[in-house]
file protein_18.pdb (PDB, C-alpha atoms)
MODEL        1
ATOM      1  CA  MET V 148     -27.701 -36.198  -0.081
ATOM      2  CA  ASN V 149     -27.206 -34.573   3.324
ATOM      3  CA  LYS V 150     -23.594 -35.739   3.396
ATOM      4  CA  ASP V 151     -22.991 -34.174  -0.033
ATOM      5  CA  ILE V 152     -24.494 -30.843   1.029
ATOM      6  CA  THR V 153     -22.528 -30.889   4.280
ATOM      7  CA  LEU V 154     -19.299 -31.494   2.362
ATOM      8  CA  ARG V 155     -20.095 -28.651  -0.075
ATOM      9  CA  VAL V 156     -20.792 -26.225   2.781
ATOM     10  CA  ALA V 157     -17.586 -27.288   4.542
ATOM     11  CA  PHE V 158     -15.640 -26.847   1.277
ATOM     12  CA  PHE V 159     -17.187 -23.366   0.834
ATOM     13  CA  PHE V 160     -16.139 -22.176   4.276
ATOM     14  CA  GLY V 161     -12.848 -24.031   4.036
ATOM     15  CA  MET V 162     -11.904 -22.202   0.848
ATOM     16  CA  ILE V 163     -12.738 -18.842   2.448
ATOM     17  CA  PHE V 164     -10.736 -19.759   5.531
ATOM     18  CA  LEU V 165      -7.734 -21.003   3.536
ATOM     19  CA  GLN V 166      -7.758 -18.025   1.174
ATOM     20  CA  VAL V 167      -7.888 -15.479   3.973
ATOM     21  CA  LEU V 168      -5.463 -17.114   6.397
ATOM     22  CA  LEU V 169      -3.079 -19.069   4.183
ATOM     23  CA  PHE V 170      -3.080 -18.276   0.477
ATOM     24  CA  SER V 171      -3.273 -14.490   0.854
ATOM     25  CA  LYS V 172       0.015 -14.707   2.781
ATOM     26  CA  MET V 173       1.739 -16.836   0.096
ATOM     27  CA  SER V 174       2.940 -13.911  -1.951
ATOM     28  CA  ILE V 175       5.706 -14.362  -4.506
ATOM     29  CA  GLN V 176       7.017 -11.004  -5.718
ATOM     30  CA  GLY V 177       3.670  -9.472  -4.736
ATOM     31  CA  TYR V 178       1.539 -11.992  -6.656
ATOM     32  CA  VAL V 179      -1.017 -13.913  -4.624
ATOM     33  CA  PRO V 180      -2.828 -17.097  -5.706
ATOM     34  CA  PHE V 181      -6.604 -16.755  -5.543
ATOM     35  CA  VAL V 182      -7.280 -20.423  -4.941
ATOM     36  CA  TYR V 183     -10.853 -19.858  -3.778
ATOM     37  CA  VAL V 184     -11.877 -20.148  -7.448
ATOM     38  CA  LEU V 185     -11.361 -23.877  -6.981
ATOM     39  CA  PHE V 186     -14.762 -23.976  -5.290
ATOM     40  CA  ILE V 187     -16.401 -22.681  -8.469
ATOM     41  CA  LEU V 188     -14.313 -24.917 -10.723
ATOM     42  CA  ARG V 189     -15.159 -28.077  -8.764
ATOM     43  CA  PHE V 190     -18.857 -27.353  -8.207
ATOM     44  CA  PRO V 191     -20.904 -30.336  -9.472
ATOM     45  CA  ILE V 192     -22.341 -30.008 -12.962
ATOM     46  CA  ARG V 193     -25.646 -31.637 -12.055
ATOM     47  CA  TYR V 194     -26.563 -28.816  -9.662
ATOM     48  CA  ASN V 195     -28.586 -25.790 -10.670
ATOM     49  CA  LYS V 196     -26.497 -23.207 -12.527
ATOM     50  CA  SER V 197     -28.359 -20.328 -10.888
ATOM     51  CA  LEU V 198     -27.436 -21.739  -7.495
ATOM     52  CA  LEU V 199     -23.772 -21.745  -8.522
ATOM     53  CA  VAL V 200     -23.951 -18.093  -9.604
ATOM     54  CA  PHE V 201     -25.568 -17.121  -6.292
ATOM     55  CA  ILE V 202     -23.104 -19.130  -4.177
ATOM     56  CA  SER V 203     -20.193 -17.712  -6.184
ATOM     57  CA  PHE V 204     -21.464 -14.219  -5.465
ATOM     58  CA  LEU V 205     -21.586 -15.047  -1.742
ATOM     59  CA  LEU V 206     -18.084 -16.513  -1.927
ATOM     60  CA  GLY V 207     -16.696 -13.388  -3.576
ATOM     61  CA  LEU V 208     -18.650 -11.086  -1.278
ATOM     62  CA  SER V 209     -17.306 -12.800   1.816
ATOM     63  CA  LEU V 210     -13.751 -12.414   0.517
ATOM     64  CA  ASP V 211     -14.447  -8.769  -0.277
ATOM     65  CA  PHE V 212     -15.524  -8.387   3.320
ATOM     66  CA  PHE V 213     -12.258  -9.851   4.627
ATOM     67  CA  PHE V 214      -9.995  -8.056   2.139
ATOM     68  CA  ASN V 215     -11.980  -4.785   2.102
ATOM     69  CA  SER V 216     -11.832  -4.826  -1.684
ATOM     70  CA  GLY V 217     -15.114  -3.180  -2.593
ATOM     71  CA  GLY V 218     -16.814  -5.958  -4.543
ATOM     72  CA  VAL V 219     -14.149  -6.952  -7.064
ATOM     73  CA  HIS V 220     -14.017 -10.554  -5.861
ATOM     74  CA  ALA V 221     -17.808 -10.796  -5.968
ATOM     75  CA  ALA V 222     -17.909  -9.476  -9.531
ATOM     76  CA  ALA V 223     -15.127 -11.751 -10.773
ATOM     77  CA  SER V 224     -16.505 -14.848  -9.012
ATOM     78  CA  THR V 225     -20.025 -14.259 -10.257
ATOM     79  CA  PHE V 226     -18.833 -13.763 -13.823
ATOM     80  CA  ILE V 227     -16.769 -16.952 -13.973
ATOM     81  CA  ALA V 228     -19.679 -18.896 -12.471
ATOM     82  CA  PHE V 229     -21.819 -17.506 -15.282
ATOM     83  CA  MET V 230     -19.184 -18.363 -17.923
ATOM     84  CA  ARG V 231     -18.423 -21.831 -16.530
ATOM     85  CA  PRO V 232     -20.760 -23.785 -18.887
ATOM     86  CA  GLN V 233     -19.028 -22.295 -21.932
ATOM     87  CA  ALA V 234     -15.597 -23.141 -20.530
ATOM     88  CA  LEU V 235     -16.758 -26.686 -19.759
ATOM     89  CA  ARG V 236     -18.130 -27.112 -23.269
ATOM     90  CA  PHE V 237     -14.933 -25.741 -24.806
ATOM     91  CA  SER V 238     -12.606 -27.872 -22.672
ATOM     92  CA  PHE V 239     -14.487 -31.150 -22.441
ATOM     93  CA  GLY V 240     -16.970 -31.173 -25.314
ATOM     94  CA  ARG V 241     -19.514 -33.972 -25.267
ATOM     95  CA  ASN V 242     -18.565 -35.264 -21.834
ATOM     96  CA  TYR V 243     -19.899 -32.052 -20.359
ATOM     97  CA  GLU V 244     -23.190 -32.258 -22.249
ATOM     98  CA  TYR V 245     -23.977 -35.681 -20.795
ATOM     99  CA  GLN V 246     -22.956 -34.568 -17.292
ATOM    100  CA  SER V 247     -20.557 -37.480 -17.040
ATOM    101  CA  LEU V 248     -17.584 -35.285 -16.239
ATOM    102  CA  LYS V 249     -15.328 -35.756 -13.223
ATOM    103  CA  LEU V 250     -12.471 -33.267 -13.046
ATOM    104  CA  THR V 251     -10.037 -35.802 -11.627
ATOM    105  CA  LYS V 252     -10.779 -38.360 -14.373
ATOM    106  CA  VAL V 253     -10.264 -36.196 -17.470
ATOM    107  CA  SER V 254      -6.999 -35.740 -19.316
ATOM    108  CA  GLN V 255      -4.443 -33.364 -17.874
ATOM    109  CA  SER V 256      -4.542 -31.109 -20.955
ATOM    110  CA  SER V 257      -8.334 -30.691 -20.742
ATOM    111  CA  ARG V 258      -8.094 -29.981 -17.035
ATOM    112  CA  ILE V 259      -5.384 -27.372 -17.591
ATOM    113  CA  ALA V 260      -7.401 -25.725 -20.376
ATOM    114  CA  TYR V 261     -10.540 -25.559 -18.228
ATOM    115  CA  ILE V 262      -8.759 -24.163 -15.184
ATOM    116  CA  SER V 263      -6.693 -21.719 -17.245
ATOM    117  CA  ILE V 264      -9.671 -20.257 -19.082
ATOM    118  CA  LEU V 265     -11.653 -19.511 -15.955
ATOM    119  CA  VAL V 266      -8.679 -18.345 -13.895
ATOM    120  CA  PHE V 267      -7.548 -15.900 -16.605
ATOM    121  CA  ILE V 268     -11.098 -14.539 -16.932
ATOM    122  CA  HIS V 269     -11.355 -14.213 -13.156
ATOM    123  CA  HIS V 270      -8.029 -12.442 -12.826
ATOM    124  CA  PHE V 271      -8.711 -10.185 -15.801
ATOM    125  CA  ILE V 272     -11.921  -8.916 -14.215
ATOM    126  CA  LEU V 273     -10.447  -8.805 -10.723
ATOM    127  CA  PHE V 274      -7.344  -6.786 -11.561
ATOM    128  CA  PHE V 275      -8.985  -4.412 -14.034
ATOM    129  CA  LEU V 276     -11.739  -3.590 -11.559
ATOM    130  CA  GLU V 277      -9.151  -3.233  -8.820
ATOM    131  CA  THR V 278      -6.967  -0.728 -10.669
ATOM    132  CA  PHE V 279      -9.724   0.794 -12.828
ATOM    133  CA  ASN V 280      -7.175   2.968 -14.589
ATOM    134  CA  PHE V 281      -5.698   2.484 -18.048
ATOM    135  CA  ASN V 282      -2.549   4.368 -17.045
ATOM    136  CA  PHE V 283      -1.455   1.217 -15.221
ATOM    137  CA  ILE V 284      -2.329  -1.214 -18.007
ATOM    138  CA  LEU V 285       1.119  -2.822 -18.209
ATOM    139  CA  PHE V 286       1.206  -3.326 -14.456
ATOM    140  CA  THR V 287      -2.315  -4.774 -14.577
ATOM    141  CA  LEU V 288      -1.525  -7.163 -17.435
ATOM    142  CA  LYS V 289       1.646  -8.299 -15.671
ATOM    143  CA  SER V 290      -0.348  -8.898 -12.486
ATOM    144  CA  ILE V 291      -2.971 -10.859 -14.413
ATOM    145  CA  LEU V 292      -0.368 -13.044 -16.089
ATOM    146  CA  PHE V 293       1.812 -13.907 -13.106
ATOM    147  CA  SER V 294      -0.980 -14.223 -10.581
ATOM    148  CA  SER V 295      -2.908 -16.464 -12.998
ATOM    149  CA  ILE V 296       0.069 -18.742 -13.529
ATOM    150  CA  TYR V 297       0.588 -18.965  -9.780
ATOM    151  CA  THR V 298      -3.108 -19.698  -9.165
ATOM    152  CA  ILE V 299      -3.285 -22.330 -11.921
ATOM    153  CA  PHE V 300      -0.214 -24.080 -10.545
ATOM    154  CA  ILE V 301      -1.589 -24.174  -6.984
ATOM    155  CA  CYS V 302      -5.049 -25.314  -8.173
ATOM    156  CA  LEU V 303      -3.585 -28.166 -10.238
ATOM    157  CA  LEU V 304      -1.378 -29.150  -7.330
ATOM    158  CA  LEU V 305      -4.335 -29.233  -4.934
ATOM    159  CA  ILE V 306      -6.522 -31.210  -7.348
ATOM    160  CA  ASN V 307      -3.804 -33.810  -7.839
ATOM    161  CA  LEU V 308      -3.011 -34.001  -4.124
ATOM    162  CA  PHE V 309      -6.576 -34.467  -2.952
ATOM    163  CA  LYS V 310      -8.086 -36.687  -5.601
ATOM    164  CA  ASN V 311      -9.385 -40.029  -4.359
ATOM    165  CA  ARG V 312      -6.852 -42.822  -4.554
ATOM    166  CA  LYS V 313      -9.484 -45.312  -5.742
ATOM    167  CA  GLU V 314     -10.220 -43.316  -8.928
TER     168      GLU V 314
ENDMDL
END
call {"tool": "encode", "arguments": {"input": "protein_18.pdb", "output": "structure tokens"}}
result
Amino acid sequence: MNKDITLRVAFFFGMIFLQVLLFSKMSIQGYVPFVYVLFILRFPIRYNKSLLVFISFLLGLSLDFFFNSGGVHAAASTFIAFMRPQALRFSFGRNYEYQSLKLTKVSQSSRIAYISILVFIHHFILFFLETFNFNFILFTLKSILFSSIYTIFICLLLINLFKNRKE
């Protein structure tokens, strides 16, 4: 169990480190992938859901600290951690209920649906809280769409690159 906790803590800090130093610099036409949501997406189902919400808040808060963004990452991360069970149930059905789900072993369409749902929710909250003005609604919706597509693509790429070869 200590090895599992150590790996989770390393993944937590690794995602913060990669988001701040690498992914925030990978801008395409001004759209940045927020790949740190991968930590929330890949968090084990068997763990306490309240723990996930708290850790997601800390993840978002630490990114808000680095980006000086006033809490928008914390709000978006906390909300998708709260909504994660519904997205799991929608995407995977009964497999989720029996906690027999492994993200790398499910079908590609289910994986894409799960990641897309939570990434779009995250980006919707993030960008609307960031602009907080309905005069820029078209700009905000465009940012949500393109940044979400970019994030989903990078997340799927990372999941496929780093899945265990023995699976």
call {"tool": "residues_around", "arguments": {"input": "protein_18.pdb", "residues": "Ile268 (chain V)", "least_positions_apart": "2", "cutoff": "10 Å", "atoms": "all atoms listed in the file", "output": "list in words"}}
result
Ala223, Ser224, Phe226, Ile227, Met230, Ser263, Ile264, Leu265, Val266, His270, Phe271, Ile272, Leu273, Ile291 and Ser295 of chain V
call {"tool": "resolve_selection", "arguments": {"input": "protein_18.pdb", "expression": "the PyMOL selection byres ((chain V and resi 162) around 10)", "output": "list in words"}}
result
Val156, Ala157, Phe158, Phe159, Phe160, Gly161, Ile163, Phe164, Leu165, Gln166, Val167, Leu168, Leu169, Phe170, Phe181, Val182, Tyr183, Val184, Leu185, Phe186, Leu206 and Leu210 of chain V
call {"tool": "closest_residue", "arguments": {"input": "protein_18.pdb", "among": "V:Ile296, V:Ala221, V:Leu303, V:Ile284", "to": "Ile259 (chain V)", "atoms": "all atoms listed in the file"}}
result
V:Leu303
call {"tool": "closest_residue", "arguments": {"input": "protein_18.pdb", "among": "V:Thr225, V:Ile301, V:Leu235, V:Phe201", "to": "Arg189 (chain V)", "atoms": "only C-alpha atoms"}}
result
V:Leu235
call {"tool": "residues_around", "arguments": {"input": "protein_18.pdb", "residues": "region 250-257 of chain V", "least_positions_apart": "4", "cutoff": "7 Å", "atoms": "all atoms listed in the file", "output": "VMD selection string"}}
result
chain V and resid 238 to 239 261 310
call {"tool": "resolve_selection", "arguments": {"input": "protein_18.pdb", "expression": "the PyMOL selection byres ((chain V and resi 200) around 8)", "output": "PyMOL selection string"}}
result
chain V and resi 196-199+201-204+225-226+228-229
call {"tool": "write_last_selection", "arguments": {"input": "protein_18.pdb", "atoms": "C-alpha atoms", "output": "PDB file, in the coordinates of the input"}}
result
ATOM      1  CA  LYS V 196     -26.497 -23.207 -12.527  1.00  0.00           C
ATOM      2  CA  SER V 197     -28.359 -20.328 -10.888  1.00  0.00           C
ATOM      3  CA  LEU V 198     -27.436 -21.739  -7.495  1.00  0.00           C
ATOM      4  CA  LEU V 199     -23.772 -21.745  -8.522  1.00  0.00           C
ATOM      5  CA  PHE V 201     -25.568 -17.121  -6.292  1.00  0.00           C
ATOM      6  CA  ILE V 202     -23.104 -19.130  -4.177  1.00  0.00           C
ATOM      7  CA  SER V 203     -20.193 -17.712  -6.184  1.00  0.00           C
ATOM      8  CA  PHE V 204     -21.464 -14.219  -5.465  1.00  0.00           C
ATOM      9  CA  THR V 225     -20.025 -14.259 -10.257  1.00  0.00           C
ATOM     10  CA  PHE V 226     -18.833 -13.763 -13.823  1.00  0.00           C
ATOM     11  CA  ALA V 228     -19.679 -18.896 -12.471  1.00  0.00           C
ATOM     12  CA  PHE V 229     -21.819 -17.506 -15.282  1.00  0.00           C
TER      13      PHE V 229
END
call {"tool": "atom_distance", "arguments": {"input": "protein_18.pdb", "atom1": "CA of Phe212 (chain V)", "atom2": "CA of Phe274 (chain V)"}}
result
17.1 Å
call {"tool": "atom_distance", "arguments": {"input": "protein_18.pdb", "atom1": "CA of Arg258 (chain V)", "atom2": "CA of Lys172 (chain V)"}}
result
26.3 Å
call {"tool": "closest_residue", "arguments": {"input": "protein_18.pdb", "among": "V:Thr278, V:Asn149, V:Thr298, V:Asn307", "to": "Ser216 (chain V)", "atoms": "all atoms listed in the file"}}
result
V:Thr278
call {"tool": "closest_residue", "arguments": {"input": "protein_18.pdb", "among": "V:His220, V:Arg155, V:Arg231, V:His269", "to": "Leu188 (chain V)", "atoms": "all atoms listed in the file"}}
result
V:Arg231
